[in-house]
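Below: entry25.cif (mmCIF, C-alpha atoms and all ligand atoms)
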```
data_protein
loop_
_atom_site.label_atom_id
_atom_site.label_comp_id
_atom_site.auth_asym_id
_atom_site.auth_seq_id
_atom_site.Cartn_x
_atom_site.Cartn_y
_atom_site.Cartn_z
CA MET G 1 95.12 92.93 44.34
CA GLU G 2 94.93 91.97 40.68
CA THR G 3 95.56 88.24 40.98
CA SER G 4 92.91 87.66 43.60
CA SER G 5 90.04 87.81 41.08
CA LYS G 6 89.35 87.06 37.40
CA THR G 7 86.58 87.15 34.83
CA CYS G 8 84.60 84.02 33.98
CA PHE G 9 84.55 83.54 30.20
CA LYS G 10 81.06 81.99 30.35
CA CYS G 11 79.02 84.36 32.47
CA GLY G 12 81.42 87.30 32.06
CA MET G 13 81.31 88.10 35.77
CA ARG G 14 84.38 89.18 37.69
CA LYS G 15 84.74 86.91 40.71
CA VAL G 16 87.31 86.20 43.42
CA LEU G 17 89.61 83.22 42.77
CA PHE G 18 87.80 81.22 45.44
CA GLU G 19 84.85 81.12 43.02
CA PHE G 20 86.94 79.15 40.48
CA TYR G 21 88.00 75.51 40.66
CA ARG G 22 91.71 74.85 40.83
CA HIS G 23 93.25 73.36 37.70
CA ALA G 24 96.96 72.58 37.44
CA GLY G 25 96.91 72.92 33.62
CA MET G 26 95.97 76.59 33.71
CA ALA G 27 98.60 79.35 33.81
CA ASP G 28 97.22 80.87 37.03
CA GLY G 29 96.20 77.48 38.48
CA TYR G 30 92.45 78.06 38.12
CA LEU G 31 89.81 77.25 35.48
CA ASN G 32 88.65 80.15 33.30
CA LYS G 33 84.98 79.50 34.10
CA CYS G 34 83.56 80.00 37.56
CA LYS G 35 82.34 77.21 39.85
CA GLU G 36 78.72 78.06 39.21
CA CYS G 37 79.17 77.84 35.45
CA ALA G 38 81.22 74.63 35.78
CA LYS G 39 78.39 73.03 37.77
CA ALA G 40 75.80 74.21 35.27
CA ASP G 41 77.84 72.61 32.48
CA VAL G 42 77.99 69.28 34.33
CA ARG G 43 74.22 69.39 34.91
CA GLU G 44 73.64 70.21 31.27
CA ARG G 45 75.90 67.40 30.12
CA TYR G 46 74.11 64.87 32.32
CA TYR G 47 70.46 65.95 32.08
CA GLY G 48 70.51 67.78 28.79
CA PRO G 49 69.08 66.48 25.47
CA ALA G 50 72.48 65.37 24.17
CA ASN G 51 72.92 62.90 26.99
CA ALA G 52 69.32 61.68 26.73
CA THR G 53 70.16 60.51 23.21
CA ILE G 54 73.29 58.73 24.43
CA LYS G 55 71.36 57.13 27.30
CA SER G 56 68.57 55.82 25.07
CA TYR G 57 71.20 54.53 22.65
CA ASP G 58 72.97 52.72 25.52
CA ALA G 59 69.66 51.28 26.73
CA ALA G 60 68.81 49.96 23.26
CA ARG G 61 72.30 48.51 22.85
CA ALA G 62 72.04 46.71 26.22
CA LYS G 63 68.95 44.86 24.98
CA THR G 64 70.70 43.29 21.97
CA GLU G 65 72.12 39.75 22.15
CA LYS G 66 75.62 41.15 22.23
CA GLY G 67 74.62 43.54 25.03
CA LYS G 68 73.12 40.71 27.09
CA GLU G 69 76.26 38.65 26.55
CA ARG G 70 78.41 41.58 27.70
CA ARG G 71 76.30 42.04 30.83
CA LYS G 72 76.51 38.34 31.65
CA ASN G 73 80.28 38.35 31.28
CA TYR G 74 80.56 41.46 33.39
CA ALA G 75 78.32 39.97 36.11
CA GLN G 76 80.70 37.01 36.34
CA SER G 77 83.86 39.12 36.46
CA PRO G 78 85.41 39.95 39.87
CA ASN G 79 84.53 43.60 39.39
CA GLY G 80 80.95 42.83 38.37
CA LYS G 81 80.49 40.48 41.31
CA GLU G 82 81.66 43.14 43.72
CA VAL G 83 79.32 45.73 42.23
CA MET G 84 76.39 43.30 42.50
CA ALA G 85 77.28 42.37 46.08
CA ARG G 86 77.34 46.07 46.97
CA TYR G 87 73.99 46.59 45.24
CA ARG G 88 72.38 43.68 47.11
CA ARG G 89 73.20 45.37 50.43
CA THR G 90 71.33 48.55 49.52
CA PRO G 91 67.88 49.17 51.06
CA ALA G 92 66.40 49.58 47.56
CA CYS G 93 67.52 46.10 46.52
CA ARG G 94 66.45 44.50 49.80
CA LYS G 95 62.99 46.01 49.37
CA VAL G 96 62.69 44.51 45.88
CA VAL G 97 63.86 41.10 47.10
CA ALA G 98 61.53 41.13 50.14
CA LYS G 99 58.60 42.03 47.91
CA ALA G 100 59.43 39.22 45.47
CA VAL G 101 59.75 36.75 48.36
CA ARG G 102 56.34 37.78 49.78
CA ALA G 103 54.77 37.40 46.33
CA TRP G 104 56.30 33.94 45.99
CA GLN G 105 55.03 32.96 49.43
CA ARG G 106 51.49 34.03 48.48
CA ARG G 107 51.64 32.06 45.24
CA HIS G 108 53.06 28.92 46.88
CA PRO G 109 51.66 28.78 50.43
CA GLU G 110 52.29 25.04 50.77
CA ALA G 111 55.89 25.16 49.56
CA TRP G 112 56.47 28.19 51.80
CA ARG G 113 55.11 26.38 54.86
CA ALA G 114 57.29 23.34 54.07
CA ALA G 115 60.40 25.49 53.59
CA ARG G 116 59.74 27.28 56.88
CA ALA G 117 59.25 24.00 58.72
CA ALA G 118 62.50 22.66 57.24
CA ALA G 119 64.39 25.78 58.34
CA GLN G 120 62.88 25.50 61.81
CA SER G 121 63.89 21.88 62.18
CA ILE G 122 67.44 22.70 61.09
CA ARG G 123 67.51 25.48 63.68
CA ARG G 124 66.17 23.17 66.38
CA ALA G 125 68.68 20.44 65.50
CA SER G 126 71.62 22.82 65.58
CA GLN G 127 70.32 24.23 68.86
CA LEU G 128 70.16 20.72 70.26
CA SER G 129 73.69 19.84 69.12
CA ALA G 130 74.98 23.18 70.42
CA THR G 131 73.58 22.52 73.89
CA PRO G 132 76.39 21.11 76.05
CA ASP G 133 75.35 18.14 78.24
CA TRP G 134 77.28 19.63 81.18
CA LEU G 135 74.80 22.49 81.65
CA THR G 136 73.51 22.61 85.23
CA PRO G 137 69.74 22.73 85.95
CA GLU G 138 70.32 26.27 87.22
CA GLN G 139 71.85 27.30 83.87
CA ARG G 140 68.98 25.68 81.97
CA ARG G 141 66.53 27.71 84.06
CA GLU G 142 68.54 30.83 83.31
CA MET G 143 68.16 30.14 79.61
CA LYS G 144 64.41 29.65 79.86
CA ALA G 145 64.27 33.07 81.54
CA PHE G 146 65.62 34.70 78.35
CA TYR G 147 62.63 33.34 76.43
CA SER G 148 60.12 34.59 79.01
CA GLU G 149 61.92 37.92 79.02
CA ALA G 150 61.58 38.19 75.21
CA ALA G 151 57.86 37.34 75.43
CA GLU G 152 57.33 39.86 78.21
CA ARG G 153 59.15 42.67 76.41
CA THR G 154 57.10 41.93 73.29
CA ARG G 155 53.88 42.16 75.30
CA LYS G 156 54.86 45.31 77.17
CA THR G 157 56.26 47.30 74.25
CA GLY G 158 54.27 45.86 71.37
CA VAL G 159 57.59 45.48 69.55
CA PRO G 160 58.47 41.86 68.68
CA HIS G 161 61.53 40.69 70.69
CA GLU G 162 63.50 37.49 70.18
CA VAL G 163 66.22 35.51 71.90
CA ASP G 164 69.39 35.81 69.85
CA HIS G 165 72.62 33.82 69.98
CA ILE G 166 75.42 36.39 70.27
CA VAL G 167 77.76 34.00 68.44
CA PRO G 168 75.51 32.26 65.85
CA LEU G 169 75.00 28.49 66.26
CA GLN G 170 75.37 28.05 62.52
CA GLY G 171 78.02 30.72 62.02
CA LYS G 172 80.78 30.48 59.49
CA GLY G 173 83.98 29.27 61.16
CA VAL G 174 83.35 29.80 64.87
CA ARG G 175 80.11 28.23 66.09
CA GLY G 176 78.31 29.47 69.15
CA LEU G 177 76.86 27.35 71.93
CA HIS G 178 73.31 27.23 73.22
CA VAL G 179 74.34 28.42 76.71
CA PRO G 180 73.12 31.26 78.95
CA TRP G 181 76.14 33.49 78.31
CA ASN G 182 75.58 33.30 74.54
CA LEU G 183 71.99 34.52 74.75
CA GLN G 184 70.53 38.02 74.54
CA VAL G 185 67.07 39.50 74.03
CA ILE G 186 66.89 41.83 71.04
CA THR G 187 64.13 43.12 68.78
CA ALA G 188 63.14 40.94 65.84
CA LYS G 189 64.14 43.82 63.57
CA ASP G 190 67.69 43.94 64.99
CA ASN G 191 67.88 40.16 64.73
CA LEU G 192 67.00 40.36 61.04
CA LYS G 193 69.64 43.05 60.50
CA LYS G 194 72.22 40.79 62.15
CA GLY G 195 71.36 37.93 59.81
CA ASN G 196 71.80 40.10 56.75
CA LYS G 197 75.37 41.00 57.56
ZN ZN L 1 80.61 81.97 35.34
#
```
Let me see whether you can do it: turn the structure in this file into C-alpha cells.
Amino acid sequence: METSSKTCFKCGMRKVLFEFYRHAGMADGYLNKCKECAKADVRERYYGPANATIKSYDAARAKTEKGKERRKNYAQSPNGKEVMARYRRTPACRKVVAKAVRAWQRRHPEAWRAARAAAQSIRRASQLSATPDWLTPEQRREMKAFYSEAAERTRKTGVPHEVDHIVPLQGKGVRGLHVPWNLQVITAKDNLKKGNK
C-alpha cells in the first residue's frame, strides 16, 4: 500500500508510517522526518554548541543584579514556591541539606547539643501532656513493653528501631495521645521518613 510508508526528508530512508510522529498540521497527518531523525534533532538542539551558548548566556544573566532580583521575585511567587517545595522533597536536595546540617553541627557542637536538648524536652513535655491520667497500670506496662521491644529488635537485627506515635503527639490539627494503641515499633529510618512528610 502506498500510504503506509513515506520517505524521511532528513535521512532519505523510506520507512513505514509508524516510524513517523503524528502531526495534525501535515497533509497526511505525519511529520516529514522520521522519529529517529526527530529525536536526533532534539538532542542536537539541547546538547549542541548552539544551546551551550544560550545556556552560558542565561547563566551570566542570572548573576546580574537584575537576574538576582528576578529570581527572588520568582521564589516568592506561588509558582516559584511550589517549584521550591517540590525540589526540597527530592533526595538530591535532602542530601545537600543533611550534609549542611552535619557540617553546622561539627562547627557548633555546643549549640547543637543545646538545640537537641531543647527538642528533647519539648518532646518529653508533649508526651507528658498527651498521657491521659486515666491509663490503668496494665496499660502503662503495655507501653513500657513497646520500648523494650524496640531495644530488643535493635539488638537482634542491628538496625535501629524506635517507638513511634501512629498519630503524632505534635501533629498539625489532630493530636495523638501517648497511649498503648497509638504506639508502634518501627525502624529509625522509617520514623525519619514519616517526619519528612
Ligand atoms: Zn530520518
One decimal, Å: what's the distance from atom CA of Ala145 of chain G over to atom CA of Gly173 of chain G, could you say?
-> 28.6 Å
Protein and nucleic residues near ligand ZN 1 (chain L), 12 Å, only C-alpha atoms and all ligand atoms, as an mmCIF file with C-alpha atoms, in the coordinates of the input:
```
data_model
loop_
_atom_site.group_PDB
_atom_site.id
_atom_site.type_symbol
_atom_site.label_atom_id
_atom_site.label_comp_id
_atom_site.auth_asym_id
_atom_site.auth_seq_id
_atom_site.Cartn_x
_atom_site.Cartn_y
_atom_site.Cartn_z
ATOM 1 C CA LYS G 6 89.350 87.060 37.400
ATOM 2 C CA THR G 7 86.580 87.150 34.830
ATOM 3 C CA CYS G 8 84.600 84.020 33.980
ATOM 4 C CA PHE G 9 84.550 83.540 30.200
ATOM 5 C CA LYS G 10 81.060 81.990 30.350
ATOM 6 C CA CYS G 11 79.020 84.360 32.470
ATOM 7 C CA GLY G 12 81.420 87.300 32.060
ATOM 8 C CA MET G 13 81.310 88.100 35.770
ATOM 9 C CA ARG G 14 84.380 89.180 37.690
ATOM 10 C CA LYS G 15 84.740 86.910 40.710
ATOM 11 C CA VAL G 16 87.310 86.200 43.420
ATOM 12 C CA LEU G 17 89.610 83.220 42.770
ATOM 13 C CA GLU G 19 84.850 81.120 43.020
ATOM 14 C CA PHE G 20 86.940 79.150 40.480
ATOM 15 C CA TYR G 21 88.000 75.510 40.660
ATOM 16 C CA LEU G 31 89.810 77.250 35.480
ATOM 17 C CA ASN G 32 88.650 80.150 33.300
ATOM 18 C CA LYS G 33 84.980 79.500 34.100
ATOM 19 C CA CYS G 34 83.560 80.000 37.560
ATOM 20 C CA LYS G 35 82.340 77.210 39.850
ATOM 21 C CA GLU G 36 78.720 78.060 39.210
ATOM 22 C CA CYS G 37 79.170 77.840 35.450
ATOM 23 C CA ALA G 38 81.220 74.630 35.780
ATOM 24 C CA LYS G 39 78.390 73.030 37.770
ATOM 25 C CA ALA G 40 75.800 74.210 35.270
ATOM 26 C CA ASP G 41 77.840 72.610 32.480
#
```
Please return, as a list of chain:residue names, all polymer residues that have at least one atom within 10 Å of the point (66.0, 42.5, 71.2); use only C-alpha atoms and the file's own coordinate frame.
-> G:Glu149, G:Ala150, G:Arg153, G:Thr154, G:Val159, G:Pro160, G:His161, G:Glu162, G:Val163, G:Asp164, G:Gln184, G:Val185, G:Ile186, G:Thr187, G:Ala188, G:Lys189, G:Asp190, G:Asn191
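The two atoms in question, atom CA of Pro137 of chain G and atom CA of Ala117 of chain G, are spaced 29.2 Å apart.
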Mind checking which residues fall within 12 Å of segment 83-88 of chain G, counting only C-alpha atoms, ignoring those fewer than 2 positions away in the same chain, and posting them as a ChimeraX atom specification?
-> /G:71-72,74-81,90-98,196-197
Point-to-point distance in Å for atom CA of Ile54 of chain G and atom CA of Lys68 of chain G |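 Spanning atom CA of Lys68 of chain G to atom CA of Ile54 of chain G is a straight-line distance of 18.2 Å.
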Any chance you could work out the axis-aligned box around segment 70-79 of chain G, listed atoms only, 8 Å on each side, giving centre and edge lengths in Å to one decimal, as AutoDock Vina command-line options?
```
--center_x 80.9 --center_y 40.3 --center_z 33.8 --size_x 25.1 --size_y 22.6 --size_z 28.2
```
Thr131 of chain G proximity check over G:Met143, G:Ala111, G:Ala103, G:Ala52, using only C-alpha atoms: winner is G:Met143
